file final.cif (mmCIF, C-alpha atoms)
data_entry
loop_
_atom_site.label_atom_id
_atom_site.label_comp_id
_atom_site.auth_asym_id
_atom_site.auth_seq_id
_atom_site.Cartn_x
_atom_site.Cartn_y
_atom_site.Cartn_z
CA MET A 1 2.18 67.52 -46.09
CA THR A 2 0.15 66.59 -43.07
CA ALA A 3 -2.54 69.04 -42.16
CA GLU A 4 -2.30 70.47 -38.67
CA PRO A 5 -5.18 69.57 -36.40
CA GLN A 6 -8.02 72.04 -36.42
CA HIS A 7 -9.02 73.47 -33.06
CA ASP A 8 -12.30 75.02 -32.09
CA ASP A 9 -14.12 75.62 -28.82
CA ARG A 10 -14.90 71.92 -28.57
CA CYS A 11 -11.22 70.92 -28.52
CA SER A 12 -8.54 71.23 -25.87
CA ILE A 13 -4.86 71.41 -26.86
CA GLU A 14 -2.33 69.67 -24.63
CA HIS A 15 1.08 71.30 -24.99
CA PRO A 16 4.38 69.43 -24.68
CA ALA A 17 4.98 70.62 -21.14
CA THR A 18 1.85 68.89 -19.95
CA ALA A 19 1.58 66.07 -22.47
CA PRO A 20 2.15 62.53 -21.25
CA SER A 21 5.46 60.92 -21.99
CA GLY A 22 5.76 59.61 -25.51
CA ALA A 23 3.17 62.04 -26.86
CA GLY A 24 3.79 64.17 -29.90
CA ALA A 25 4.46 67.85 -29.89
CA VAL A 26 0.79 68.69 -29.55
CA ALA A 27 -2.05 66.48 -28.41
CA VAL A 28 -5.58 67.47 -29.34
CA GLU A 29 -8.67 66.21 -27.54
CA CYS A 30 -12.05 67.17 -28.91
CA ARG A 31 -15.26 66.90 -26.98
CA PRO A 32 -18.29 66.18 -29.13
CA PRO A 33 -21.26 68.58 -28.85
CA ALA A 34 -23.32 65.97 -27.00
CA ARG A 35 -20.67 65.76 -24.28
CA ARG A 36 -20.55 69.54 -23.97
CA VAL A 37 -24.33 69.68 -23.62
CA ALA A 38 -24.21 66.93 -21.00
CA THR A 39 -21.50 68.81 -19.08
CA VAL A 40 -23.51 72.03 -19.08
CA ALA A 41 -26.70 70.19 -18.10
CA GLY A 42 -24.87 68.40 -15.29
CA GLY A 43 -23.56 71.72 -14.01
CA LEU A 44 -27.03 73.23 -14.05
CA LEU A 45 -28.47 70.23 -12.23
CA LEU A 46 -25.74 70.46 -9.59
CA ALA A 47 -26.31 74.20 -9.18
CA SER A 48 -30.05 73.54 -8.81
CA GLY A 49 -29.29 70.94 -6.16
CA VAL A 50 -27.12 73.46 -4.29
CA VAL A 51 -29.91 76.05 -4.38
CA LEU A 52 -32.65 73.68 -3.21
CA ALA A 53 -30.44 72.20 -0.50
CA ALA A 54 -29.75 75.73 0.74
CA ALA A 55 -33.49 76.43 0.99
CA ASN A 56 -33.64 73.81 3.77
CA LEU A 57 -30.95 75.25 6.04
CA ARG A 58 -33.19 77.65 7.99
CA PRO A 59 -36.82 76.40 8.04
CA ALA A 60 -35.93 73.97 10.85
CA VAL A 61 -35.24 77.04 13.01
CA THR A 62 -37.65 79.69 11.73
CA SER A 63 -40.71 77.43 11.53
CA LEU A 64 -40.38 76.52 15.20
CA ALA A 65 -39.65 80.11 16.27
CA VAL A 66 -42.97 81.39 14.91
CA VAL A 67 -45.04 78.95 17.04
CA LEU A 68 -42.64 78.76 19.99
CA PRO A 69 -45.11 80.15 22.59
CA GLU A 70 -47.65 77.52 21.51
CA VAL A 71 -45.02 74.77 21.75
CA GLN A 72 -44.11 75.97 25.24
CA GLN A 73 -47.74 75.88 26.32
CA VAL A 74 -48.64 72.50 24.79
CA LEU A 75 -45.50 70.70 26.01
CA GLY A 76 -45.17 72.59 29.30
CA LEU A 77 -41.64 73.83 28.56
CA SER A 78 -39.97 76.19 31.03
CA THR A 79 -38.19 79.34 29.83
CA ASP A 80 -34.80 77.74 30.53
CA MET A 81 -35.76 74.57 28.62
CA THR A 82 -36.96 76.70 25.72
CA SER A 83 -33.66 78.56 25.78
CA VAL A 84 -31.82 75.24 25.53
CA LEU A 85 -34.05 74.24 22.60
CA THR A 86 -33.33 77.49 20.73
CA ALA A 87 -29.57 77.13 21.37
CA LEU A 88 -29.47 73.47 20.26
CA PRO A 89 -29.27 74.11 16.48
CA THR A 90 -26.23 76.38 16.68
CA LEU A 91 -24.59 74.07 19.23
CA CYS A 92 -25.01 71.18 16.78
CA PHE A 93 -23.71 73.33 13.94
CA GLY A 94 -20.50 73.91 15.88
CA LEU A 95 -19.92 70.36 17.12
CA VAL A 96 -20.84 68.50 13.93
CA ALA A 97 -18.90 70.93 11.74
CA MET A 98 -15.74 69.50 13.29
CA ILE A 99 -16.40 66.09 11.72
CA ALA A 100 -17.60 67.41 8.35
CA PRO A 101 -14.13 67.17 6.70
CA LEU A 102 -13.90 63.53 7.86
CA ALA A 103 -17.32 62.81 6.36
CA ALA A 104 -16.18 64.42 3.11
CA ARG A 105 -13.05 62.26 2.96
CA ARG A 106 -15.07 59.09 3.61
CA LEU A 107 -18.11 59.77 1.42
CA GLY A 108 -17.05 62.66 -0.79
CA SER A 109 -18.55 66.12 -0.27
CA ARG A 110 -21.53 65.30 -2.47
CA GLY A 111 -22.16 61.93 -0.83
CA ALA A 112 -21.99 63.47 2.64
CA ILE A 113 -24.55 66.11 1.63
CA THR A 114 -26.85 63.38 0.28
CA LEU A 115 -26.70 61.64 3.67
CA ALA A 116 -27.28 64.95 5.45
CA LEU A 117 -30.44 65.72 3.48
CA ALA A 118 -31.83 62.26 4.28
CA LEU A 119 -31.14 62.82 7.99
CA LEU A 120 -32.69 66.28 7.82
CA THR A 121 -35.91 64.86 6.41
CA ALA A 122 -36.05 62.22 9.14
CA GLY A 123 -35.25 64.66 11.94
CA LEU A 124 -37.96 67.13 10.91
CA LEU A 125 -40.52 64.33 11.03
CA VAL A 126 -39.36 62.79 14.31
CA ARG A 127 -39.44 66.02 16.32
CA VAL A 128 -43.20 66.53 15.91
CA LEU A 129 -44.29 62.98 16.76
CA ALA A 130 -44.56 63.16 20.56
CA GLY A 131 -43.31 65.11 23.57
CA PRO A 132 -40.23 67.12 24.59
CA THR A 133 -37.80 64.18 24.26
CA LEU A 134 -38.53 63.58 20.58
CA LEU A 135 -38.69 67.32 19.95
CA VAL A 136 -35.13 67.68 21.24
CA ALA A 137 -33.92 64.48 19.54
CA GLY A 138 -35.41 65.39 16.17
CA THR A 139 -34.06 68.92 16.40
CA PHE A 140 -30.61 67.48 17.19
CA VAL A 141 -30.69 65.18 14.13
CA ALA A 142 -32.00 67.89 11.81
CA SER A 143 -29.50 70.45 13.09
CA SER A 144 -26.60 68.01 12.74
CA ALA A 145 -27.61 67.40 9.12
CA ILE A 146 -27.73 71.13 8.48
CA ALA A 147 -24.25 71.45 10.00
CA LEU A 148 -22.81 69.07 7.40
CA CYS A 149 -24.43 71.07 4.61
CA ASN A 150 -23.22 74.36 6.10
CA VAL A 151 -19.60 73.23 5.87
CA LEU A 152 -19.61 71.16 2.69
CA ILE A 153 -21.77 73.15 0.27
CA PRO A 154 -19.18 75.99 0.10
CA VAL A 155 -16.57 73.32 -0.67
CA VAL A 156 -18.69 71.96 -3.54
CA VAL A 157 -19.11 75.53 -4.83
CA LYS A 158 -15.36 76.20 -4.63
CA GLU A 159 -14.43 72.97 -6.41
CA SER A 160 -17.26 72.66 -8.94
CA PHE A 161 -17.73 76.34 -9.86
CA PRO A 162 -14.27 77.91 -9.43
CA GLY A 163 -14.99 80.65 -11.97
CA ARG A 164 -18.44 81.45 -10.59
CA ILE A 165 -17.89 81.48 -6.84
CA GLY A 166 -19.62 84.82 -6.31
CA VAL A 167 -22.62 84.00 -8.53
CA VAL A 168 -23.25 80.51 -7.15
CA THR A 169 -22.65 81.64 -3.56
CA GLY A 170 -25.14 84.44 -4.18
CA ALA A 171 -27.78 82.01 -5.44
CA TYR A 172 -27.06 79.67 -2.52
CA SER A 173 -27.33 82.49 0.03
CA ALA A 174 -30.49 83.89 -1.55
CA SER A 175 -32.13 80.48 -1.47
CA LEU A 176 -31.08 80.03 2.15
CA ALA A 177 -32.65 83.37 3.09
CA GLY A 178 -35.73 82.67 1.00
CA GLY A 179 -36.29 79.28 2.61
CA GLY A 180 -36.10 80.78 6.07
CA ALA A 181 -38.45 83.61 5.10
CA LEU A 182 -40.96 81.20 3.57
CA ALA A 183 -41.05 79.10 6.74
CA ALA A 184 -41.42 82.18 8.92
CA SER A 185 -44.29 83.62 6.89
CA VAL A 186 -46.46 80.55 6.28
CA THR A 187 -45.95 78.35 9.35
CA ALA A 188 -48.49 80.28 11.44
CA PRO A 189 -51.17 80.15 8.70
CA ILE A 190 -50.48 76.42 8.25
CA ASP A 191 -50.86 76.05 12.01
CA GLY A 192 -54.29 77.65 11.81
CA ALA A 193 -55.33 75.66 8.76
CA LEU A 194 -54.17 72.25 10.01
CA GLY A 195 -55.10 72.76 13.64
CA GLY A 196 -51.79 72.67 15.51
CA TRP A 197 -48.07 73.31 15.56
CA ARG A 198 -47.12 69.68 14.87
CA PRO A 199 -48.37 69.48 11.25
CA ALA A 200 -47.26 73.06 10.62
CA VAL A 201 -43.67 72.42 11.73
CA GLY A 202 -43.52 68.86 10.42
CA SER A 203 -44.66 69.87 6.93
CA TRP A 204 -41.18 71.28 6.22
CA ALA A 205 -39.92 67.72 5.91
CA LEU A 206 -41.54 67.77 2.45
CA LEU A 207 -39.16 70.52 1.33
CA ALA A 208 -36.21 68.54 2.70
CA ALA A 209 -37.35 65.44 0.81
CA ALA A 210 -37.62 67.47 -2.40
CA ALA A 211 -34.08 68.76 -1.86
CA LEU A 212 -32.83 65.20 -1.36
CA VAL A 213 -34.31 64.13 -4.70
CA ALA A 214 -32.94 67.22 -6.51
CA TRP A 215 -29.48 66.74 -5.01
CA TRP A 216 -29.41 63.06 -5.99
CA LEU A 217 -30.41 63.93 -9.56
CA GLY A 218 -27.80 66.70 -9.70
CA THR A 219 -24.95 64.51 -8.47
CA ARG A 220 -25.68 61.10 -9.98
CA GLY A 221 -23.25 60.08 -12.69
CA HIS A 222 -20.54 62.33 -11.22
CA SER A 223 -17.63 60.08 -10.41
CA ARG A 224 -15.47 63.02 -9.38
CA ASP A 225 -15.93 65.19 -6.35
CA GLY A 226 -14.19 68.40 -7.26
CA ALA A 227 -10.46 67.84 -7.30
CA GLY A 228 -10.53 64.28 -6.05
CA ARG A 229 -12.44 61.06 -6.07
CA ARG A 230 -14.23 59.55 -3.12
CA GLY A 231 -11.77 58.70 -0.42
CA ARG A 232 -8.99 60.69 -2.06
CA HIS A 233 -9.71 64.19 -0.81
CA GLU A 234 -6.67 66.15 0.20
CA ALA A 235 -6.60 66.35 3.98
CA PRO A 236 -7.14 69.99 4.98
CA ARG A 237 -4.23 71.60 6.82
CA SER A 238 -4.74 72.96 10.30
CA LEU A 239 -5.36 76.70 10.47
CA LEU A 240 -5.36 76.95 14.25
CA ARG A 241 -2.13 78.98 14.21
CA SER A 242 -3.39 81.46 11.62
CA PRO A 243 -4.45 84.80 13.17
CA LEU A 244 -6.51 85.61 10.08
CA ALA A 245 -8.37 82.30 10.35
CA TRP A 246 -9.31 83.16 13.95
CA VAL A 247 -10.48 86.64 12.92
CA VAL A 248 -12.66 85.14 10.17
CA THR A 249 -13.93 82.55 12.65
CA GLY A 250 -14.84 85.20 15.23
CA PHE A 251 -16.55 87.33 12.61
CA PHE A 252 -18.49 84.35 11.25
CA GLY A 253 -19.44 83.25 14.77
CA LEU A 254 -20.79 86.64 15.83
CA GLN A 255 -22.87 87.11 12.69
CA ALA A 256 -24.28 83.60 13.22
CA LEU A 257 -24.97 84.42 16.89
CA VAL A 258 -27.07 87.42 15.88
CA ALA A 259 -28.75 85.59 12.99
CA TYR A 260 -29.92 82.62 15.04
CA THR A 261 -30.92 84.84 17.93
CA VAL A 262 -33.10 86.77 15.49
CA MET A 263 -34.57 83.60 13.99
CA SER A 264 -35.21 82.08 17.41
CA TRP A 265 -36.48 85.04 19.42
CA LEU A 266 -37.45 88.01 17.22
CA PRO A 267 -41.11 86.97 16.82
CA GLN A 268 -41.50 86.71 20.60
CA ILE A 269 -39.58 89.97 21.14
CA LEU A 270 -41.95 91.73 18.76
CA ARG A 271 -45.03 90.14 20.32
CA GLU A 272 -44.05 91.20 23.85
CA THR A 273 -42.48 94.62 23.20
CA ALA A 274 -44.49 95.92 20.24
CA GLY A 275 -47.76 94.18 21.15
CA ILE A 276 -48.34 92.46 17.80
CA ASP A 277 -49.91 89.06 17.17
CA ALA A 278 -48.20 85.82 16.13
CA ALA A 279 -49.08 86.06 12.44
CA THR A 280 -47.81 89.64 12.16
CA ALA A 281 -44.64 88.74 14.06
CA GLY A 282 -44.10 85.86 11.64
CA VAL A 283 -44.56 88.18 8.66
CA LEU A 284 -42.03 90.65 10.11
CA LEU A 285 -39.54 87.82 10.63
CA ALA A 286 -40.18 86.80 7.03
CA ILE A 287 -39.45 90.39 5.95
CA VAL A 288 -36.21 90.29 7.93
CA LEU A 289 -35.18 87.12 6.12
CA VAL A 290 -36.49 87.87 2.63
CA ILE A 291 -34.57 91.14 2.46
CA GLY A 292 -31.50 88.94 2.41
CA VAL A 293 -32.56 87.46 -0.94
CA PRO A 294 -31.64 90.42 -3.19
CA ILE A 295 -28.66 91.22 -0.99
CA SER A 296 -27.49 87.63 -1.36
CA PHE A 297 -27.67 87.86 -5.15
CA PHE A 298 -25.62 91.04 -5.39
CA ALA A 299 -23.31 91.08 -2.35
CA PRO A 300 -21.19 87.94 -3.03
CA PRO A 301 -20.32 88.84 -6.67
CA LEU A 302 -19.51 92.42 -5.61
CA ALA A 303 -17.46 91.15 -2.68
CA ALA A 304 -15.61 88.67 -4.90
CA ARG A 305 -14.65 91.40 -7.37
CA ALA A 306 -13.67 93.98 -4.76
CA ARG A 307 -10.14 94.12 -3.38
CA SER A 308 -11.50 94.84 0.10
CA GLN A 309 -14.95 94.17 1.55
CA THR A 310 -14.65 96.66 4.42
CA GLY A 311 -17.15 99.25 3.17
CA MET A 312 -19.82 96.64 2.57
CA VAL A 313 -19.29 95.06 5.99
CA VAL A 314 -19.49 98.39 7.87
CA ALA A 315 -22.62 99.57 6.03
CA LEU A 316 -24.52 96.35 6.70
CA LEU A 317 -23.60 96.11 10.37
CA LEU A 318 -24.51 99.75 11.08
CA CYS A 319 -28.04 98.95 9.87
CA GLY A 320 -28.22 96.21 12.49
CA LEU A 321 -27.07 98.55 15.23
CA VAL A 322 -29.78 101.07 14.36
CA GLY A 323 -32.46 98.37 14.06
CA PHE A 324 -31.81 96.79 17.44
CA GLY A 325 -31.30 100.21 18.98
CA GLY A 326 -34.81 101.10 17.79
CA LEU A 327 -36.25 97.95 19.36
CA LEU A 328 -34.47 98.86 22.57
CA VAL A 329 -35.62 102.47 22.94
CA ALA A 330 -38.83 102.70 20.87
CA PRO A 331 -40.20 99.25 19.95
CA THR A 332 -43.78 100.41 19.34
CA VAL A 333 -42.92 103.46 17.22
CA ALA A 334 -41.85 101.69 14.03
CA PRO A 335 -41.44 97.92 14.47
CA GLY A 336 -41.62 97.46 10.70
CA LEU A 337 -38.70 99.86 10.17
CA TRP A 338 -36.61 98.19 12.86
CA ALA A 339 -37.30 94.80 11.26
CA LEU A 340 -36.35 96.21 7.85
CA LEU A 341 -32.99 97.47 9.12
CA ILE A 342 -32.28 94.20 10.93
CA GLY A 343 -33.07 92.38 7.70
CA VAL A 344 -30.57 94.48 5.76
CA ALA A 345 -27.94 93.71 8.39
CA MET A 346 -28.67 89.99 8.03
CA GLY A 347 -27.22 90.37 4.55
CA ILE A 348 -23.82 90.09 6.23
CA PHE A 349 -24.17 86.28 6.09
CA PRO A 350 -23.48 85.85 2.34
CA VAL A 351 -20.54 88.22 2.71
CA ALA A 352 -19.15 86.13 5.57
CA LEU A 353 -19.71 83.00 3.50
CA THR A 354 -17.87 84.52 0.53
CA LEU A 355 -14.94 85.41 2.77
CA LEU A 356 -14.37 81.69 3.41
CA SER A 357 -13.40 81.38 -0.27
CA LEU A 358 -11.77 84.80 -0.69
CA ARG A 359 -9.40 84.33 2.24
CA THR A 360 -8.15 80.96 0.90
CA ARG A 361 -6.28 79.83 -2.21
CA THR A 362 -7.31 76.16 -2.60
CA GLY A 363 -10.33 73.94 -2.12
CA ALA A 364 -8.57 72.13 0.72
CA ASP A 365 -7.93 75.42 2.52
CA THR A 366 -11.54 76.45 1.94
CA ALA A 367 -12.66 73.19 3.56
CA ALA A 368 -10.31 73.81 6.49
CA LEU A 369 -11.39 77.42 7.01
CA SER A 370 -15.07 76.56 6.51
CA ALA A 371 -14.85 73.76 9.10
CA MET A 372 -12.93 75.94 11.56
CA ALA A 373 -15.17 79.00 11.14
CA GLN A 374 -18.35 77.00 11.38
CA SER A 375 -17.29 74.69 14.20
CA PHE A 376 -15.86 77.29 16.57
CA GLY A 377 -18.11 80.00 15.12
CA TYR A 378 -21.34 78.14 15.76
CA LEU A 379 -20.18 77.15 19.24
CA ILE A 380 -19.85 80.89 19.86
CA ALA A 381 -23.23 81.45 18.21
CA ALA A 382 -24.95 78.88 20.43
CA ALA A 383 -24.49 81.23 23.37
CA GLY A 384 -26.67 83.89 21.74
CA PRO A 385 -30.15 82.32 21.75
CA PHE A 386 -29.45 80.76 25.16
CA LEU A 387 -28.23 83.96 26.86
CA VAL A 388 -30.96 86.07 25.32
CA GLY A 389 -33.61 83.67 26.63
CA VAL A 390 -32.05 83.37 30.07
CA LEU A 391 -31.72 87.15 30.43
CA ARG A 392 -35.37 87.55 29.48
CA GLY A 393 -36.42 84.90 31.99
CA ASN A 394 -34.35 86.31 34.84
CA THR A 395 -35.03 90.03 34.31
CA GLY A 396 -38.64 89.88 33.13
CA SER A 397 -37.96 92.17 30.15
CA TRP A 398 -36.05 92.26 26.89
CA THR A 399 -33.86 95.27 27.77
CA ALA A 400 -30.77 93.32 28.89
CA SER A 401 -31.07 90.96 25.94
CA LEU A 402 -31.25 93.80 23.42
CA LEU A 403 -28.28 95.57 25.05
CA LEU A 404 -26.31 92.34 24.69
CA ILE A 405 -27.08 92.17 20.96
CA VAL A 406 -26.08 95.82 20.43
CA GLY A 407 -22.74 95.15 22.14
CA ILE A 408 -22.17 92.08 19.95
CA TYR A 409 -22.76 94.18 16.85
CA ALA A 410 -20.06 96.61 17.99
CA LEU A 411 -17.54 93.76 18.41
CA GLN A 412 -18.60 92.28 15.08
CA LEU A 413 -17.79 95.58 13.39
CA VAL A 414 -14.20 95.42 14.61
CA LEU A 415 -13.69 91.82 13.51
CA GLY A 416 -15.45 92.45 10.20
CA VAL A 417 -13.06 95.26 9.29
CA LEU A 418 -10.08 92.98 10.03
CA ALA A 419 -11.54 89.98 8.17
CA SER A 420 -12.39 91.97 5.04
CA ARG A 421 -8.81 93.01 4.25
CA PRO A 422 -7.29 91.31 1.16
CA ARG A 423 -5.14 88.54 2.66
CA HIS A 424 -5.00 84.74 2.66
CA VAL A 425 -4.67 82.22 5.49
#

call {"tool": "encode", "arguments": {"input": "final.cif", "output": "structure tokens"}}
result
Amino acid sequence: MTAEPQHDDRCSIEHPATAPSGAGAVAVECRPPARRVATVAGGLLLASGVVLAAANLRPAVTSLAVVLPEVQQVLGLSTDMTSVLTALPTLCFGLVAMIAPLAARRLGSRGAITLALALLTAGLLVRVLAGPTLLVAGTFVASSAIALCNVLIPVVVKESFPGRIGVVTGAYSASLAGGGALAASVTAPIDGALGGWRPAVGSWALLAAAALVAWWLGTRGHSRDGAGRRGRHEAPRSLLRSPLAWVVTGFFGLQALVAYTVMSWLPQILRETAGIDAATAGVLLAIVLVIGVPISFFAPPLAARARSQTGMVVALLLCGLVGFGGLLVAPTVAPGLWALLIGVAMGIFPVALTLLSLRTRTGADTAALSAMAQSFGYLIAAAGPFLVGVLRGNTGSWTASLLLIVGIYALQLVLGVLASRPRHV
């Protein structure tokens, strides 16, 4: 009598329905312990690469925001030119997001992110080398690189960690918030220590270079890119006729509009309305961003397990309404409290990011919705920093700008309730 094959947690059984033609009734494939250890180690390296890459997606914006008045003075930038500079990142995010799926099909999602991190490092260095032209050019390159990562990292998470979407998205979002907070809090002290905004802003290229190395180590030896090999990605279907996709896109765009307005202008708003210095304003912006770290750890897993995310969305956005309302009517009374509430509201980003996976069924649909939400969404978001700056320049105060943000929060509440219902595109 032939003994039946023994099966343990190192073996996978292939049943007749899925066995190749000519196979016996049951095919058994065992993975040796060394291969299992290598698989786990590879997954941890990839997850580490995701986290470190995410840490680089905001310092390009927040580091410049902290020293923006100094940059204006040194380079002789007008208010309108500064508004264009603050709107450039989100404009790039929207435009470049449209070509991210093409880059993924040509290079693979992981290969495209490797290229993006290399471009990010170069762009952060170039923009501090000379005058306004290189500042704009370097910001364009860096922002375009961030746009590729914005779209493709959620795809890597969906394909490589299908059973841990909430956990990995939480770590990714927390790292993103932490990177932005770190840049906001230490750029001004670095400015003082190194004697100027150029070394202070340019030093963040070191973090981008570290992310490039970590990502390369985490992805080398991986011949597969999620569900397909390089050049064989399933072409995402168009979601332009899906009402739910447009609701998610609008919701994502408005939260991004507020987020990048905060990262671009909040330090200057606080300096001019609450009368605080640059270092304190930078610390308050860091508080706004670092609050998102614990929220990012807990919100995505909770959102992924919940049938509806409506309660979470409403609670977070109401905090933002109160925070900006406080800046509008009583900026000097409790600027720290207003910053705290705005920071809690910024926790809506990981929820919006999680919705890109929760409202889709496949990796290809996630790529399509991510590209759509981030392309059109960031084009919407680009209007925020620009309009806020122009309103400040034309009116001489921040009142109209703050009223605009409060109105955007109200619209975001409506779209957030619709986007958080349990449906699929």

call {"tool": "atom_distance", "arguments": {"input": "final.cif", "atom1": "CA of Ala142 in chain A", "atom2": "CA of Ala339 in chain A"}}
result
27.4 Å

call {"tool": "residues_near_point", "arguments": {"input": "final.cif", "point": "(-14.2, 78.5, 14.7)", "cutoff": "10 Å", "atoms": "all atoms listed in the file", "output": "PyMOL selection string"}}
result
chain A and resi 94+97-98+239-240+245-253+369-380

call {"tool": "atom_distance", "arguments": {"input": "final.cif", "atom1": "CA of Leu52 in chain A", "atom2": "CA of Ser144 in chain A"}}
result
18.0 Å

call {"tool": "closest_residue", "arguments": {"input": "final.cif", "among": "A:Val329, A:Leu415, A:Val322, A:Leu355", "to": "Ala306 in chain A", "atoms": "only C-alpha atoms"}}
result
A:Leu355

call {"tool": "atom_distance", "arguments": {"input": "final.cif", "atom1": "CA of Gly282 in chain A", "atom2": "CA of Trp204 in chain A"}}
result
15.8 Å

call {"tool": "residues_around", "arguments": {"input": "final.cif", "residues": "Ala278 in chain A", "least_positions_apart": "2", "cutoff": "10 Å", "atoms": "only C-alpha atoms", "output": "short mmCIF file (atom, residue, chain, number, x, y, z; two decimals) with C-alpha atoms, keeping the file's coordinate frame"}}
result
data_model
loop_
_atom_site.label_atom_id
_atom_site.label_comp_id
_atom_site.auth_asym_id
_atom_site.auth_seq_id
_atom_site.Cartn_x
_atom_site.Cartn_y
_atom_site.Cartn_z
CA VAL A 66 -42.97 81.39 14.91
CA VAL A 67 -45.04 78.95 17.04
CA LEU A 68 -42.64 78.76 19.99
CA PRO A 69 -45.11 80.15 22.59
CA GLU A 70 -47.65 77.52 21.51
CA ALA A 188 -48.49 80.28 11.44
CA PRO A 189 -51.17 80.15 8.70
CA PRO A 267 -41.11 86.97 16.82
CA GLN A 268 -41.50 86.71 20.60
CA LEU A 270 -41.95 91.73 18.76
CA ARG A 271 -45.03 90.14 20.32
CA GLY A 275 -47.76 94.18 21.15
CA ILE A 276 -48.34 92.46 17.80
CA THR A 280 -47.81 89.64 12.16
CA ALA A 281 -44.64 88.74 14.06
CA GLY A 282 -44.10 85.86 11.64
CA VAL A 283 -44.56 88.18 8.66
CA LEU A 284 -42.03 90.65 10.11
#

call {"tool": "closest_residue", "arguments": {"input": "final.cif", "among": "A:Thr82, A:Ser264, A:Thr362, A:Thr121", "to": "Ala53 in chain A", "atoms": "all atoms listed in the file"}}
result
A:Thr121

call {"tool": "resolve_selection", "arguments": {"input": "final.cif", "expression": "the PyMOL selection byres ((chain A and resi 273) around 10)", "output": "count of residues only"}}
result
17

call {"tool": "resolve_selection", "arguments": {"input": "final.cif", "expression": "the PyMOL selection byres ((chain A and resi 300) around 7)", "output": "short mmCIF file (atom, residue, chain, number, x, y, z; two decimals) with C-alpha atoms, keeping the file's coordinate frame"}}
result
data_model
loop_
_atom_site.label_atom_id
_atom_site.label_comp_id
_atom_site.auth_asym_id
_atom_site.auth_seq_id
_atom_site.Cartn_x
_atom_site.Cartn_y
_atom_site.Cartn_z
CA GLY A 166 -19.62 84.82 -6.31
CA VAL A 167 -22.62 84.00 -8.53
CA THR A 169 -22.65 81.64 -3.56
CA GLY A 170 -25.14 84.44 -4.18
CA SER A 296 -27.49 87.63 -1.36
CA PHE A 297 -27.67 87.86 -5.15
CA PHE A 298 -25.62 91.04 -5.39
CA ALA A 299 -23.31 91.08 -2.35
CA PRO A 301 -20.32 88.84 -6.67
CA LEU A 302 -19.51 92.42 -5.61
CA ALA A 303 -17.46 91.15 -2.68
CA ALA A 304 -15.61 88.67 -4.90
CA PRO A 350 -23.48 85.85 2.34
CA VAL A 351 -20.54 88.22 2.71
CA THR A 354 -17.87 84.52 0.53
#

call {"tool": "closest_residue", "arguments": {"input": "final.cif", "among": "A:Leu207, A:Ala174, A:Leu316, A:Leu289", "to": "Leu124 in chain A", "atoms": "all atoms listed in the file"}}
result
A:Leu207

call {"tool": "closest_residue", "arguments": {"input": "final.cif", "among": "A:Gly76, A:Gly416, A:Gly123, A:Pro154", "to": "Leu356 in chain A", "atoms": "only C-alpha atoms"}}
result
A:Pro154

call {"tool": "closest_residue", "arguments": {"input": "final.cif", "among": "A:Leu413, A:Val258, A:Val390, A:Leu85", "to": "Leu134 in chain A", "atoms": "all atoms listed in the file"}}
result
A:Leu85

call {"tool": "closest_residue", "arguments": {"input": "final.cif", "among": "A:Leu77, A:Val151, A:Ile287, A:Ala54", "to": "Ala208 in chain A", "atoms": "all atoms listed in the file"}}
result
A:Ala54

call {"tool": "residues_around", "arguments": {"input": "final.cif", "residues": "Ile153 in chain A", "least_positions_apart": "6", "cutoff": "12 Å", "atoms": "all atoms listed in the file", "output": "short mmCIF file (atom, residue, chain, number, x, y, z; two decimals) with C-alpha atoms, in the coordinates of the input"}}
result
data_model
loop_
_atom_site.label_atom_id
_atom_site.label_comp_id
_atom_site.auth_asym_id
_atom_site.auth_seq_id
_atom_site.Cartn_x
_atom_site.Cartn_y
_atom_site.Cartn_z
CA LEU A 46 -25.74 70.46 -9.59
CA ALA A 47 -26.31 74.20 -9.18
CA GLY A 49 -29.29 70.94 -6.16
CA VAL A 50 -27.12 73.46 -4.29
CA VAL A 51 -29.91 76.05 -4.38
CA LEU A 52 -32.65 73.68 -3.21
CA ALA A 53 -30.44 72.20 -0.50
CA ALA A 54 -29.75 75.73 0.74
CA LEU A 57 -30.95 75.25 6.04
CA ALA A 100 -17.60 67.41 8.35
CA PRO A 101 -14.13 67.17 6.70
CA ALA A 104 -16.18 64.42 3.11
CA GLY A 108 -17.05 62.66 -0.79
CA SER A 109 -18.55 66.12 -0.27
CA ARG A 110 -21.53 65.30 -2.47
CA GLY A 111 -22.16 61.93 -0.83
CA ALA A 112 -21.99 63.47 2.64
CA ILE A 113 -24.55 66.11 1.63
CA THR A 114 -26.85 63.38 0.28
CA ALA A 116 -27.28 64.95 5.45
CA LEU A 117 -30.44 65.72 3.48
CA ILE A 146 -27.73 71.13 8.48
CA ALA A 147 -24.25 71.45 10.00
CA GLU A 159 -14.43 72.97 -6.41
CA SER A 160 -17.26 72.66 -8.94
CA PHE A 161 -17.73 76.34 -9.86
CA ILE A 165 -17.89 81.48 -6.84
CA VAL A 168 -23.25 80.51 -7.15
CA THR A 169 -22.65 81.64 -3.56
CA TYR A 172 -27.06 79.67 -2.52
CA SER A 173 -27.33 82.49 0.03
CA LEU A 176 -31.08 80.03 2.15
CA TRP A 215 -29.48 66.74 -5.01
CA ASP A 225 -15.93 65.19 -6.35
CA GLY A 226 -14.19 68.40 -7.26
CA LEU A 353 -19.71 83.00 3.50
CA LEU A 356 -14.37 81.69 3.41
CA SER A 357 -13.40 81.38 -0.27
CA GLY A 363 -10.33 73.94 -2.12
CA THR A 366 -11.54 76.45 1.94
CA ALA A 367 -12.66 73.19 3.56
CA SER A 370 -15.07 76.56 6.51
CA ALA A 371 -14.85 73.76 9.10
#
